[in-house]
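Visitor: First the structure, which I've put down as structure tokens, then a few questions once you've had a look.
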Amino acid sequence: MEKFEYMEKYGHEQLVYFFDKITGLRGVTCIHDTSLGPALGGTRIWNYENEEEAILDAFRLSRGMTYKAACAGLNLGGGKTVLYGDPKVVKSEAYFRSLGRFVQSLNGRYITAEDVNTNTKDMSYVAMETDYVVGLPGKSGNPSPVTAWGIFMGIKATLKEVFGDDSIKDRSFAVQGAGQTGYYLIKYLLGEDYPDKNYKTEKASKIYFTEINDDHIRRMKNEHPQVEFVKPDDIYSLEVDIFSPCALGAVINDVTVPQFKCKAIAGSANNVLKDAVHGRQLKERGILYAPDYVINAGGLINVYHELQGYNRDMAVKDVELIYDRLMEIYKISKNKNIATSDAADRFAENRIKIIKEIESNYIRR
Ligand code: NAD
């Protein structure tokens with residue numbers, strides 16, 4: 001991979017390598033675009049096959065964060081840190097404090113958070129060395145219930161678009177994965193534990209779920225026996241209103257697209273389209289797709305509020321705006337006759353462009 005060519009093609013601003021010989025910390029921070037504000041994105045630890053793979057991941061993930069933040073209406077850019085190593089071996093207080101020092105050296109151009117194989121405790125070590133970290137213990141907390149609330153809102157917007165009525169009542173759902181986000185989503189679909197207590201409760205008529213983790217299957221069966229378990233391969237072809245992928249990426253692919261009998265797809269899973277073409281195939285099949293990075297932005301919106309002094313109610317209200325944002329994206333998709341996944345990209349690119357333009361005149365502040 002020619003890195004400068006890649007950066008030019010996809011608009012990346014900065015790629016920073018760092019290494020600490022005391023702790024063995026080695027990784028990169030990639031800043032994609034800071035037109036809207038500081039780049040925010042979590043720190044991921046992974047035992048990559050090689051350096052090339054780690055950097056490609058940082059390039060892709062940081063760009064994804066730019067689009068997610070732009071669509072979520074946040075004044076943030078996109079960034080990501082990937083650490084190269086075995087998470088079972090490398091982690092220590094010194095390792096994360098060393099990371100914090102590198103984050104601080106970027107002087108606020110990049111803000112980190114937890115991600116795959118890092119947690120709030122690790123971030124508390126990072127915070128000993130830098131001001132530019134969110135997702136700390138005692139602040140915004142576990143993002144999953146809030147992310148799931150955003151999915152619930154996105155499902156309502158999607159129902160509105162498909163049926164002209166956003167009510168959950170009388171609708172049927174197939175949820176793939178009942179880990180964190182899927183578990184909370186099912187609660188909300190059953191009218192339980194809404195994070196916004198002023199919201200009128202509604203109950204779905206039928207919910208199916210699938211899982212591969214026995215503990216999660218048992219938990220669902222114990223807590224909500226009315227939610228029907230189906231085998232993992234059977235989830236795609238159920239005749240339901242909404243299929244909600246809340247487990248893995250790339251589950252919308254050549255094999256599954258022909259199987260779907262749902263009216264729409266709306267769930268938490270990241271990178272759920274195997275390829276951009278699958279978003280277009282869903283459109284051809286008349287299945288409405290809620291773009292992943294728009295509907296699952298609740299976690300990002302939640303940690304963003306830490307930068308402004310965290311207030312749970314305000315964060316939850318902000319997450320509810322995912323409804324309006326999806327409606328705007330559905331409108332673009334209809335007006336331009338393009339897939340909703342392409343419409344989301346246009347929405348993000350347009351917001352970045354317009355905000356850059358309004359900042360072109362000098363104002364003394
Ligand atoms: P999780 O690991 O808590 O839950 C995923 C569940 O899916 C697990 O219980 C797992 O056993 C199950 N699963 C895995 N493969 C499966 C299969 N083939 N069939 C059925 N079930 C399967 O993860 P999560 O935090 O709920 O995240 C789910 C997705 O949402 C991920 O793609 C994640 O990146 C994305 N996401 C999560 C958040 C968040 O706040 N947690 C925010 C944005 C996006």
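By convention here, the chains of the structure tokens are called A, B, ... in the order presented, each chain's residues are numbered starting at 1, and ligands are numbered starting at 1 in the order presented.
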How would you report the residues lying within 9 Å of ligand 1, as a ChimeraX atom specification, if you count only C-alpha atoms and all ligand atoms?
Guide: /A:115-116,142-148,175-184,209-217,231-233,235,245-249,251,267-272,292-293,295-300
Visitor: Can you tell me, as JSON, numbers by chain, which residues in segment 40-138 of chain A count as alpha helix (DSSP H) by DSSP?
Guide: {"A": [51, 52, 53, 54, 55, 56, 57, 58, 59, 60, 61, 62, 63, 64, 65, 66, 67, 68, 69, 70, 71, 87, 88, 89, 90, 93, 94, 95, 96, 97, 98, 99, 100, 101, 102, 103, 104, 105, 120, 121, 122, 123, 124, 125, 126]}
Visitor: Dump N, CA and C atoms for the selected residues as a CSV table (one decimal), in the first residue's frame?
Guide:
chain,number,residue,atom,x,y,z
A,51,GLU,N,2.1,-5.0,9.9
A,51,GLU,CA,1.9,-3.6,10.1
A,51,GLU,C,1.0,-3.0,9.1
A,52,GLU,N,1.1,-3.5,7.9
A,52,GLU,CA,0.2,-3.0,6.8
A,52,GLU,C,-1.2,-3.2,7.1
A,53,GLU,N,-1.6,-4.3,7.7
A,53,GLU,CA,-3.0,-4.6,8.1
A,53,GLU,C,-3.4,-3.6,9.2
A,54,ALA,N,-2.6,-3.3,10.1
A,54,ALA,CA,-2.9,-2.4,11.2
A,54,ALA,C,-3.2,-1.0,10.7
A,55,ILE,N,-2.3,-0.6,9.8
A,55,ILE,CA,-2.5,0.8,9.2
A,55,ILE,C,-3.7,0.9,8.3
A,56,LEU,N,-4.0,-0.1,7.6
A,56,LEU,CA,-5.2,-0.1,6.7
A,56,LEU,C,-6.4,0.0,7.6
A,57,ASP,N,-6.4,-0.8,8.7
A,57,ASP,CA,-7.5,-0.7,9.7
A,57,ASP,C,-7.7,0.7,10.2
A,58,ALA,N,-6.6,1.3,10.6
A,58,ALA,CA,-6.6,2.7,11.1
A,58,ALA,C,-7.1,3.7,10.1
A,59,PHE,N,-6.7,3.5,8.8
A,59,PHE,CA,-7.2,4.4,7.7
A,59,PHE,C,-8.7,4.2,7.6
A,60,ARG,N,-9.2,3.0,7.5
A,60,ARG,CA,-10.6,2.7,7.3
A,60,ARG,C,-11.5,3.2,8.4
A,61,LEU,N,-11.0,2.8,9.7
A,61,LEU,CA,-11.8,3.1,10.8
A,61,LEU,C,-11.9,4.6,11.1
A,62,SER,N,-10.8,5.3,10.9
A,62,SER,CA,-10.8,6.8,11.1
A,62,SER,C,-11.7,7.5,10.1
A,63,ARG,N,-11.7,7.0,8.9
A,63,ARG,CA,-12.6,7.6,7.9
A,63,ARG,C,-14.1,7.4,8.3
A,64,GLY,N,-14.3,6.2,8.7
A,64,GLY,CA,-15.7,5.8,9.2
A,64,GLY,C,-16.2,6.7,10.3
A,65,MET,N,-15.2,7.1,11.2
A,65,MET,CA,-15.6,8.0,12.3
A,65,MET,C,-16.0,9.4,11.8
A,66,THR,N,-15.3,9.9,10.8
A,66,THR,CA,-15.6,11.2,10.2
A,66,THR,C,-17.1,11.2,9.7
A,67,TYR,N,-17.5,10.2,9.0
A,67,TYR,CA,-18.8,10.1,8.5
A,67,TYR,C,-19.8,10.0,9.6
A,68,LYS,N,-19.5,9.1,10.6
A,68,LYS,CA,-20.4,8.9,11.7
A,68,LYS,C,-20.7,10.2,12.4
A,69,ALA,N,-19.6,10.9,12.8
A,69,ALA,CA,-19.7,12.2,13.5
A,69,ALA,C,-20.5,13.2,12.7
A,70,ALA,N,-20.2,13.3,11.4
A,70,ALA,CA,-20.8,14.3,10.6
A,70,ALA,C,-22.3,14.1,10.5
A,71,CYS,N,-22.7,12.8,10.3
A,71,CYS,CA,-24.1,12.5,10.2
A,71,CYS,C,-24.8,12.7,11.6
A,87,PRO,N,-3.6,-8.4,23.0
A,87,PRO,CA,-4.2,-7.7,24.2
A,87,PRO,C,-4.0,-8.5,25.5
A,88,LYS,N,-3.9,-9.8,25.4
A,88,LYS,CA,-3.7,-10.6,26.7
A,88,LYS,C,-2.3,-10.4,27.2
A,89,VAL,N,-1.4,-9.9,26.4
A,89,VAL,CA,0.0,-9.8,26.8
A,89,VAL,C,0.4,-8.3,27.1
A,90,VAL,N,0.0,-7.4,26.3
A,90,VAL,CA,0.6,-6.1,26.3
A,90,VAL,C,0.1,-5.2,27.4
A,93,GLU,N,-0.6,-0.7,33.3
A,93,GLU,CA,-0.8,0.7,33.6
A,93,GLU,C,0.2,1.5,32.8
A,94,ALA,N,1.4,1.1,32.8
A,94,ALA,CA,2.5,1.9,32.1
A,94,ALA,C,2.2,2.0,30.6
A,95,TYR,N,1.7,0.9,30.1
A,95,TYR,CA,1.4,0.8,28.6
A,95,TYR,C,0.4,1.9,28.3
A,96,PHE,N,-0.7,2.0,29.1
A,96,PHE,CA,-1.7,3.0,28.7
A,96,PHE,C,-1.3,4.4,29.1
A,97,ARG,N,-0.5,4.5,30.1
A,97,ARG,CA,0.0,5.9,30.4
A,97,ARG,C,0.9,6.4,29.3
A,98,SER,N,1.7,5.5,28.8
A,98,SER,CA,2.6,5.8,27.7
A,98,SER,C,1.7,6.2,26.5
A,99,LEU,N,0.6,5.5,26.2
A,99,LEU,CA,-0.3,5.9,25.1
A,99,LEU,C,-0.8,7.3,25.4
A,100,GLY,N,-1.2,7.6,26.7
A,100,GLY,CA,-1.8,8.9,27.0
A,100,GLY,C,-0.8,10.0,26.7
A,101,ARG,N,0.5,9.8,26.9
A,101,ARG,CA,1.5,10.8,26.6
A,101,ARG,C,1.5,11.1,25.1
A,102,PHE,N,1.4,10.0,24.3
A,102,PHE,CA,1.4,10.3,22.8
A,102,PHE,C,0.1,11.0,22.4
A,103,VAL,N,-1.0,10.6,23.0
A,103,VAL,CA,-2.3,11.3,22.7
A,103,VAL,C,-2.1,12.8,23.0
A,104,GLN,N,-1.6,13.1,24.2
A,104,GLN,CA,-1.4,14.5,24.6
A,104,GLN,C,-0.5,15.3,23.7
A,105,SER,N,0.5,14.6,23.1
A,105,SER,CA,1.4,15.3,22.2
A,105,SER,C,0.7,15.8,20.9
A,120,THR,N,-12.9,1.0,30.1
A,120,THR,CA,-12.9,2.2,30.9
A,120,THR,C,-11.7,2.3,31.8
A,121,LYS,N,-11.3,1.1,32.4
A,121,LYS,CA,-10.2,1.1,33.3
A,121,LYS,C,-8.9,1.5,32.6
A,122,ASP,N,-8.7,1.0,31.4
A,122,ASP,CA,-7.5,1.3,30.6
A,122,ASP,C,-7.5,2.8,30.3
A,123,MET,N,-8.7,3.3,30.0
A,123,MET,CA,-8.8,4.7,29.7
A,123,MET,C,-8.5,5.6,30.9
A,124,SER,N,-8.8,5.1,32.1
A,124,SER,CA,-8.5,5.9,33.3
A,124,SER,C,-7.0,6.0,33.4
A,125,TYR,N,-6.2,5.1,33.0
A,125,TYR,CA,-4.7,5.2,33.0
A,125,TYR,C,-4.3,6.2,31.9
A,126,VAL,N,-5.0,6.1,30.7
A,126,VAL,CA,-4.7,7.1,29.7
A,126,VAL,C,-4.9,8.5,30.2
Visitor: Output as a list in words all residues of segment 85-277 of chain A that backbone DSSP marks as strand (DSSP E).
Guide: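 Matching residues, listed in order: Tyr110, Ile111, Ser172, Phe173, Ala174, Val175, Gln176, Lys206, Ile207, Tyr208, Phe209, Thr210, Glu228, Phe229, Ile242, Phe243, Ser244, Pro245, Ala264 and Ile265 of chain A.
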Visitor: So, counting only C-alpha atoms, which residue among A:Gly37, A:Gly79, A:Gly164, A:Gly27 is closest to Ile352 of chain A?
Guide: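 Among the listed residues, A:Gly37 lies closest to Ile352 of chain A.
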Visitor: Excluding same-chain residues fewer than 6 positions from segment 284-288 of chain A, what lies within 7 Å of it counting only C-alpha atoms, as a CSV table (one decimal) with N, CA, C and O atoms, in the first residue's frame?
Guide:
chain,number,residue,atom,x,y,z
A,263,LYS,N,-39.3,-6.0,5.6
A,263,LYS,CA,-39.5,-4.7,4.9
A,263,LYS,C,-38.4,-3.8,5.0
A,263,LYS,O,-38.2,-2.9,4.1
A,264,ALA,N,-37.6,-3.9,6.1
A,264,ALA,CA,-36.5,-3.0,6.3
A,264,ALA,C,-35.5,-3.6,7.2
A,264,ALA,O,-35.7,-4.6,7.9
A,265,ILE,N,-34.3,-3.0,7.2
A,265,ILE,CA,-33.1,-3.5,8.0
A,265,ILE,C,-32.6,-2.3,8.8
A,265,ILE,O,-32.3,-1.3,8.3
Visitor: Could you name the residues that touch Leu321 of chain A at 10 Å or less, counting only C-alpha atoms, but leaving out those on the same chain fewer than 5 positions away, as a ChimeraX atom specification?
Guide: /A:72-73,150,153-154,298,316,326-327
Visitor: Distance atom CA of Asp345 of chain A-atom CA of Phe173 of chain A, one decimal place?
Guide: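 Between atom CA of Asp345 of chain A and atom CA of Phe173 of chain A the gap works out to 26.8 Å.
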Visitor: Using only C-alpha atoms, pick whichever of A:Tyr330, A:Tyr194, A:Trp149, A:Tyr362 has the shortest atom-to-atom distance to Asp318 of chain A.
Guide: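 Among the listed residues, A:Trp149 lies closest to Asp318 of chain A.
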Visitor: For segment 11-18 of chain A, list every protein, DNA or RNA residue within 7 Å, evaluated using only C-alpha atoms, and leave out those in the same chain fewer than 4 positions away; present the list as a list of chain:residue names.
Guide: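 After dropping sequence-adjacent residues, the list is A:Met7, A:Arg26, A:Gly27, A:Val28, A:Thr29, A:Cys30, A:Ile31, A:His32, A:Asp33.
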Visitor: When you draw a straight line from atom CA of Ser341 of chain A to atom CA of Arg171 of chain A, how long is it in Å?
Guide: 23.9 Å
